[in-house]
Amino acid sequence: MGKWWLNGLKRTLQSMLDWVNRIQSKSPRRGASSLLARQVHIPTPIVAVGSAVVLFMLLLPQVGFALPRVLALAGLIAVLTLFFVIYIRIDLPQFVNDDEAVFLIGLCMILGVGFIELCQRFPQFSQYGVPVGIIAILVTLLLHIRLAFLISVMLSLFCGVMYNFSFNAVFIAFFSSMAAMLASRNVRHRSDMVRAGFHVVWVTSLCLYGLSLFHLWSPTLTWHRLCWVGINGALCVIVSLALLPVLESFFSRITPITLLEVGDFNRPLLRRLMMEAPGTYHHTLLVSALAEQAAEAIGANSLLCRVGMYYHDVGKLEHPEYFIENQTMRRNPKDKAEHHDKLNPSISSLVIMSHVKDGVALARSYKVPEEVIRFIPEHHGTSLIKYFYMQALEQGDEESPSADSYRYPGPRPHSKETVIGMLADSVEAATPWKSPATSA
């Protein structure tokens, strides 16, 4: 009787665990690998609340410990968190159950406030050199440009408040962030980051010159503050380049910079595909071009589609001779593939299906990003290898063959890009010269 509370606690903890498991099952990135190879994904509500608490603790020393100020700060953080949650649910629903994206949003807000506080610790560091644009660049490349705009507005307001409600600080922080955000939208190579820093410098310089005319600053003071604007742009480039690879790896994100590096045909795995399976390589080029054009037409990530389809059939490197595009000696398209003549349909289907599992293993061994690896199993989904299934039914050698044993293991496509990849592969495989038996 004395331990009635223990049973209640057990039931409460079990209910919380069940809720966490239900939330985890909804995460679109549950199977993603990251820097720490984490197996447990924290539910997004817990991540959001945790980020708000850390932000509160970071701003508390700036605000002071008087009760009205503490309550005002708590209310402000709560309103901002609620606003972010509502905005994401309405405008960016793909991030609602993405715990890593929510974690990254919170971390970027904390980093932004941390950069402002760090600059404040050095009295000689001017408010015109605070590199708020770093966060705008990171969020644009790792998450979404509309989210980058929202976070930039918030950080600009925080910057003004932390610099004694300075309008100049808000003005410079906002326009430097806007310049960084818009310039990083078209970043494709690491050298483009330098161009983004240059845009930060010239836009902020124009804003600062406007302030100098408004406040009637002396030329010496204006030139001194323009030097801090140059430092601002340089810090945006240097710190962004330093943080980007770390955040990409830890949060399983992928940027256009990484995609272009992964899509370079001088990389070892793609060179192997070119040399050892030239027919598959040609097929890959056709499919990637189809997928890229389709993605551009509907506003999906065309670069991810193109690079993902470069790797979708790398598993055929294990047994290239069993796939029709690599059988150069085959003359009559109506004939069956020679290598499959010696196999029964069930074995042939296993050989065809194995290119999915082999492709995932090969891509991971060559350290291909997880976002690209997803194209390998998802471009077939759980579709049926109909040719060999019908062949098995016609031969009658097997007793009522199960259709499930002739299906790819999946999973089904989870994004617009992998759906486009599946459709492009199916369209290219349906060309008249190909046999459906081995054009997987």
# chains A, B, ... in the order shown; residues from 1 in each chain; ligands from 1
$ residues_around --residues "Val194 (chain A)" --least-positions-apart "6" --cutoff "12 Å" --atoms "only C-alpha atoms" --output "number ranges by chain"
A: 137, 180, 183-184, 187-188, 200-201, 233-241
$ write_last_selection --atoms "N, CA, C and O atoms" --output "PDB file, in the first residue's frame"
ATOM      1  N   ILE A 137      23.377  33.028 -43.628  1.00  0.00           N
ATOM      2  CA  ILE A 137      24.008  32.140 -44.616  1.00  0.00           C
ATOM      3  C   ILE A 137      23.769  30.680 -44.256  1.00  0.00           C
ATOM      4  O   ILE A 137      23.371  29.862 -45.105  1.00  0.00           O
ATOM      5  N   ALA A 180      23.446  38.870 -46.904  1.00  0.00           N
ATOM      6  CA  ALA A 180      24.035  37.531 -46.775  1.00  0.00           C
ATOM      7  C   ALA A 180      23.054  36.456 -47.232  1.00  0.00           C
ATOM      8  O   ALA A 180      23.430  35.508 -47.929  1.00  0.00           O
ATOM      9  N   ALA A 183      22.576  36.645 -51.133  1.00  0.00           N
ATOM     10  CA  ALA A 183      23.794  36.250 -51.852  1.00  0.00           C
ATOM     11  C   ALA A 183      24.068  34.762 -51.722  1.00  0.00           C
ATOM     12  O   ALA A 183      24.541  34.123 -52.665  1.00  0.00           O
ATOM     13  N   SER A 184      23.754  34.183 -50.557  1.00  0.00           N
ATOM     14  CA  SER A 184      24.029  32.749 -50.355  1.00  0.00           C
ATOM     15  C   SER A 184      22.987  31.861 -51.015  1.00  0.00           C
ATOM     16  O   SER A 184      23.181  30.654 -51.126  1.00  0.00           O
ATOM     17  N   VAL A 187      24.682  30.183 -53.934  1.00  0.00           N
ATOM     18  CA  VAL A 187      26.008  29.610 -53.693  1.00  0.00           C
ATOM     19  C   VAL A 187      26.047  28.184 -54.234  1.00  0.00           C
ATOM     20  O   VAL A 187      25.181  27.365 -53.931  1.00  0.00           O
ATOM     21  N   ARG A 188      27.038  27.891 -55.063  1.00  0.00           N
ATOM     22  CA  ARG A 188      27.217  26.550 -55.608  1.00  0.00           C
ATOM     23  C   ARG A 188      28.613  25.998 -55.325  1.00  0.00           C
ATOM     24  O   ARG A 188      28.817  24.792 -55.341  1.00  0.00           O
ATOM     25  N   VAL A 200      27.750  41.434 -48.628  1.00  0.00           N
ATOM     26  CA  VAL A 200      27.488  41.936 -47.276  1.00  0.00           C
ATOM     27  C   VAL A 200      28.203  43.272 -47.064  1.00  0.00           C
ATOM     28  O   VAL A 200      27.635  44.220 -46.513  1.00  0.00           O
ATOM     29  N   VAL A 201      29.448  43.346 -47.535  1.00  0.00           N
ATOM     30  CA  VAL A 201      30.250  44.556 -47.312  1.00  0.00           C
ATOM     31  C   VAL A 201      29.659  45.757 -48.041  1.00  0.00           C
ATOM     32  O   VAL A 201      29.455  46.831 -47.449  1.00  0.00           O
ATOM     33  N   GLY A 233      31.904  41.552 -42.987  1.00  0.00           N
ATOM     34  CA  GLY A 233      31.811  40.680 -44.168  1.00  0.00           C
ATOM     35  C   GLY A 233      32.818  39.555 -44.141  1.00  0.00           C
ATOM     36  O   GLY A 233      32.497  38.411 -44.505  1.00  0.00           O
ATOM     37  N   ALA A 234      34.044  39.843 -43.683  1.00  0.00           N
ATOM     38  CA  ALA A 234      35.066  38.800 -43.623  1.00  0.00           C
ATOM     39  C   ALA A 234      34.692  37.716 -42.622  1.00  0.00           C
ATOM     40  O   ALA A 234      34.861  36.510 -42.886  1.00  0.00           O
ATOM     41  N   LEU A 235      34.169  38.127 -41.467  1.00  0.00           N
ATOM     42  CA  LEU A 235      33.756  37.136 -40.460  1.00  0.00           C
ATOM     43  C   LEU A 235      32.601  36.277 -40.974  1.00  0.00           C
ATOM     44  O   LEU A 235      32.550  35.066 -40.687  1.00  0.00           O
ATOM     45  N   CYS A 236      31.683  36.884 -41.721  1.00  0.00           N
ATOM     46  CA  CYS A 236      30.561  36.107 -42.284  1.00  0.00           C
ATOM     47  C   CYS A 236      31.081  34.969 -43.170  1.00  0.00           C
ATOM     48  O   CYS A 236      30.566  33.843 -43.111  1.00  0.00           O
ATOM     49  N   VAL A 237      32.103  35.253 -43.966  1.00  0.00           N
ATOM     50  CA  VAL A 237      32.653  34.229 -44.859  1.00  0.00           C
ATOM     51  C   VAL A 237      33.435  33.185 -44.085  1.00  0.00           C
ATOM     52  O   VAL A 237      33.205  31.971 -44.221  1.00  0.00           O
ATOM     53  N   ILE A 238      34.347  33.616 -43.224  1.00  0.00           N
ATOM     54  CA  ILE A 238      35.260  32.694 -42.540  1.00  0.00           C
ATOM     55  C   ILE A 238      34.504  31.773 -41.592  1.00  0.00           C
ATOM     56  O   ILE A 238      34.680  30.547 -41.615  1.00  0.00           O
ATOM     57  N   VAL A 239      33.643  32.346 -40.753  1.00  0.00           N
ATOM     58  CA  VAL A 239      32.933  31.523 -39.759  1.00  0.00           C
ATOM     59  C   VAL A 239      31.925  30.604 -40.444  1.00  0.00           C
ATOM     60  O   VAL A 239      31.757  29.440 -40.039  1.00  0.00           O
ATOM     61  N   SER A 240      31.256  31.083 -41.490  1.00  0.00           N
ATOM     62  CA  SER A 240      30.298  30.221 -42.211  1.00  0.00           C
ATOM     63  C   SER A 240      31.002  29.023 -42.839  1.00  0.00           C
ATOM     64  O   SER A 240      30.510  27.890 -42.758  1.00  0.00           O
ATOM     65  N   LEU A 241      32.138  29.256 -43.473  1.00  0.00           N
ATOM     66  CA  LEU A 241      32.892  28.153 -44.073  1.00  0.00           C
ATOM     67  C   LEU A 241      33.373  27.170 -43.018  1.00  0.00           C
ATOM     68  O   LEU A 241      33.464  25.965 -43.278  1.00  0.00           O
TER      69      LEU A 241
END
$ select_by_dssp --residues "region 40-161 of chain A" --states "alpha helix (DSSP H)" --output "PyMOL selection string"
chain A and resi 44-63+67-91+99-120+133-142+145-161
$ residues_around --residues "region 204-215 of chain A" --least-positions-apart "2" --cutoff "8 Å" --atoms "only C-alpha atoms" --output "list in words"
Asn168, Phe171, Ile172, Phe175, Ser176, Val200, Val201, Trp202, Trp217, Ser218, Thr222, Arg225, Leu226 and Val229 of chain A
$ write_last_selection --atoms "all heavy atoms" --output "short mmCIF file (atom, residue, chain, number, x, y, z; two decimals), in the first residue's frame"
data_model
loop_
_atom_site.label_atom_id
_atom_site.label_comp_id
_atom_site.auth_asym_id
_atom_site.auth_seq_id
_atom_site.Cartn_x
_atom_site.Cartn_y
_atom_site.Cartn_z
N ASN A 168 20.63 52.00 -34.84
CA ASN A 168 21.72 51.76 -35.79
C ASN A 168 22.10 50.28 -35.82
O ASN A 168 22.36 49.72 -36.89
CB ASN A 168 22.94 52.60 -35.41
CG ASN A 168 22.72 54.07 -35.63
OD1 ASN A 168 21.69 54.48 -36.15
ND2 ASN A 168 23.68 54.89 -35.22
N PHE A 171 19.41 48.37 -37.70
CA PHE A 171 19.45 48.72 -39.12
C PHE A 171 20.58 47.99 -39.84
O PHE A 171 20.37 47.35 -40.89
CB PHE A 171 19.63 50.25 -39.23
CG PHE A 171 19.48 50.78 -40.63
CD1 PHE A 171 18.24 50.86 -41.23
CD2 PHE A 171 20.59 51.22 -41.33
CE1 PHE A 171 18.11 51.36 -42.51
CE2 PHE A 171 20.46 51.74 -42.61
CZ PHE A 171 19.21 51.80 -43.21
N ILE A 172 21.78 48.04 -39.26
CA ILE A 172 22.94 47.41 -39.90
C ILE A 172 22.81 45.89 -39.86
O ILE A 172 23.09 45.19 -40.85
CB ILE A 172 24.24 47.87 -39.21
CG1 ILE A 172 24.47 49.35 -39.44
CG2 ILE A 172 25.43 47.05 -39.70
CD1 ILE A 172 24.64 49.75 -40.89
N PHE A 175 20.11 44.68 -42.56
CA PHE A 175 20.47 44.74 -43.97
C PHE A 175 21.70 43.89 -44.29
O PHE A 175 21.81 43.36 -45.40
CB PHE A 175 20.69 46.20 -44.39
CG PHE A 175 19.41 46.92 -44.67
CD1 PHE A 175 18.86 47.77 -43.72
CD2 PHE A 175 18.73 46.73 -45.86
CE1 PHE A 175 17.66 48.42 -43.97
CE2 PHE A 175 17.54 47.37 -46.12
CZ PHE A 175 16.99 48.23 -45.16
N SER A 176 22.61 43.73 -43.34
CA SER A 176 23.73 42.81 -43.58
C SER A 176 23.23 41.37 -43.67
O SER A 176 23.71 40.58 -44.49
CB SER A 176 24.78 42.95 -42.48
OG SER A 176 24.26 42.56 -41.22
N VAL A 200 27.75 41.43 -48.63
CA VAL A 200 27.49 41.94 -47.28
C VAL A 200 28.20 43.27 -47.06
O VAL A 200 27.64 44.22 -46.51
CB VAL A 200 27.93 40.90 -46.23
CG1 VAL A 200 27.88 41.51 -44.82
CG2 VAL A 200 27.07 39.65 -46.29
N VAL A 201 29.45 43.35 -47.53
CA VAL A 201 30.25 44.56 -47.31
C VAL A 201 29.66 45.76 -48.04
O VAL A 201 29.45 46.83 -47.45
CB VAL A 201 31.72 44.32 -47.75
CG1 VAL A 201 32.50 45.63 -47.72
CG2 VAL A 201 32.38 43.30 -46.83
N TRP A 202 29.34 45.60 -49.33
CA TRP A 202 28.90 46.79 -50.07
C TRP A 202 27.49 47.23 -49.66
O TRP A 202 27.20 48.44 -49.60
CB TRP A 202 29.03 46.62 -51.58
CG TRP A 202 28.01 45.78 -52.29
CD1 TRP A 202 28.13 44.49 -52.68
CD2 TRP A 202 26.71 46.19 -52.73
NE1 TRP A 202 27.00 44.05 -53.32
CE2 TRP A 202 26.12 45.09 -53.38
CE3 TRP A 202 25.99 47.38 -52.65
CZ2 TRP A 202 24.83 45.13 -53.91
CZ3 TRP A 202 24.71 47.43 -53.19
CH2 TRP A 202 24.14 46.31 -53.82
N TRP A 217 28.01 62.34 -39.10
CA TRP A 217 29.29 61.86 -38.58
C TRP A 217 30.43 62.53 -39.34
O TRP A 217 30.31 62.88 -40.52
CB TRP A 217 29.42 60.35 -38.74
CG TRP A 217 28.46 59.56 -37.89
CD1 TRP A 217 27.84 59.98 -36.76
CD2 TRP A 217 28.02 58.22 -38.13
NE1 TRP A 217 27.03 58.99 -36.25
CE2 TRP A 217 27.13 57.89 -37.07
CE3 TRP A 217 28.28 57.28 -39.10
CZ2 TRP A 217 26.52 56.64 -36.98
CZ3 TRP A 217 27.68 56.03 -39.01
CH2 TRP A 217 26.80 55.72 -37.96
N SER A 218 31.56 62.62 -38.68
CA SER A 218 32.75 63.14 -39.33
C SER A 218 33.30 62.10 -40.31
O SER A 218 33.06 60.90 -40.15
CB SER A 218 33.82 63.48 -38.29
OG SER A 218 34.28 62.30 -37.66
N THR A 222 33.31 57.98 -39.94
CA THR A 222 32.66 57.16 -40.96
C THR A 222 33.62 56.11 -41.52
O THR A 222 33.26 54.94 -41.65
CB THR A 222 32.14 58.05 -42.10
OG1 THR A 222 31.23 59.02 -41.57
CG2 THR A 222 31.43 57.20 -43.15
N ARG A 225 34.21 53.28 -39.01
CA ARG A 225 33.09 52.33 -38.93
C ARG A 225 32.96 51.51 -40.22
O ARG A 225 32.49 50.36 -40.18
CB ARG A 225 31.80 53.08 -38.61
CG ARG A 225 31.82 53.59 -37.17
CD ARG A 225 30.64 54.44 -36.79
NE ARG A 225 30.69 54.74 -35.36
CZ ARG A 225 29.88 55.58 -34.73
NH1 ARG A 225 28.92 56.23 -35.42
NH2 ARG A 225 29.99 55.79 -33.43
N LEU A 226 33.38 52.11 -41.34
CA LEU A 226 33.40 51.32 -42.58
C LEU A 226 34.41 50.18 -42.51
O LEU A 226 34.20 49.11 -43.10
CB LEU A 226 33.71 52.23 -43.77
CG LEU A 226 32.57 53.10 -44.29
CD1 LEU A 226 33.07 54.07 -45.36
CD2 LEU A 226 31.43 52.24 -44.84
N VAL A 229 32.71 47.39 -40.95
CA VAL A 229 31.82 46.73 -41.92
C VAL A 229 32.61 45.70 -42.73
O VAL A 229 32.12 44.59 -43.01
CB VAL A 229 31.18 47.78 -42.85
CG1 VAL A 229 30.50 47.11 -44.04
CG2 VAL A 229 30.16 48.61 -42.08
#
$ closest_residue --among "A:Leu67, A:Val47, A:Cys119, A:Met178" --to "Thr140 (chain A)" --atoms "only C-alpha atoms"
A:Met178
$ residues_around --residues "Pro245 (chain A)" --least-positions-apart "3" --cutoff "12 Å" --atoms "only C-alpha atoms" --output "PyMOL selection string"
chain A and resi 34-35+138+141-142+190+239-242+248-255+257-258+369
$ atom_distance --atom1 "CA of Gly64 (chain A)" --atom2 "CA of Ile135 (chain A)"
25.8 Å
$ atom_distance --atom1 "CA of Ala295 (chain A)" --atom2 "CA of Gly410 (chain A)"
21.9 Å
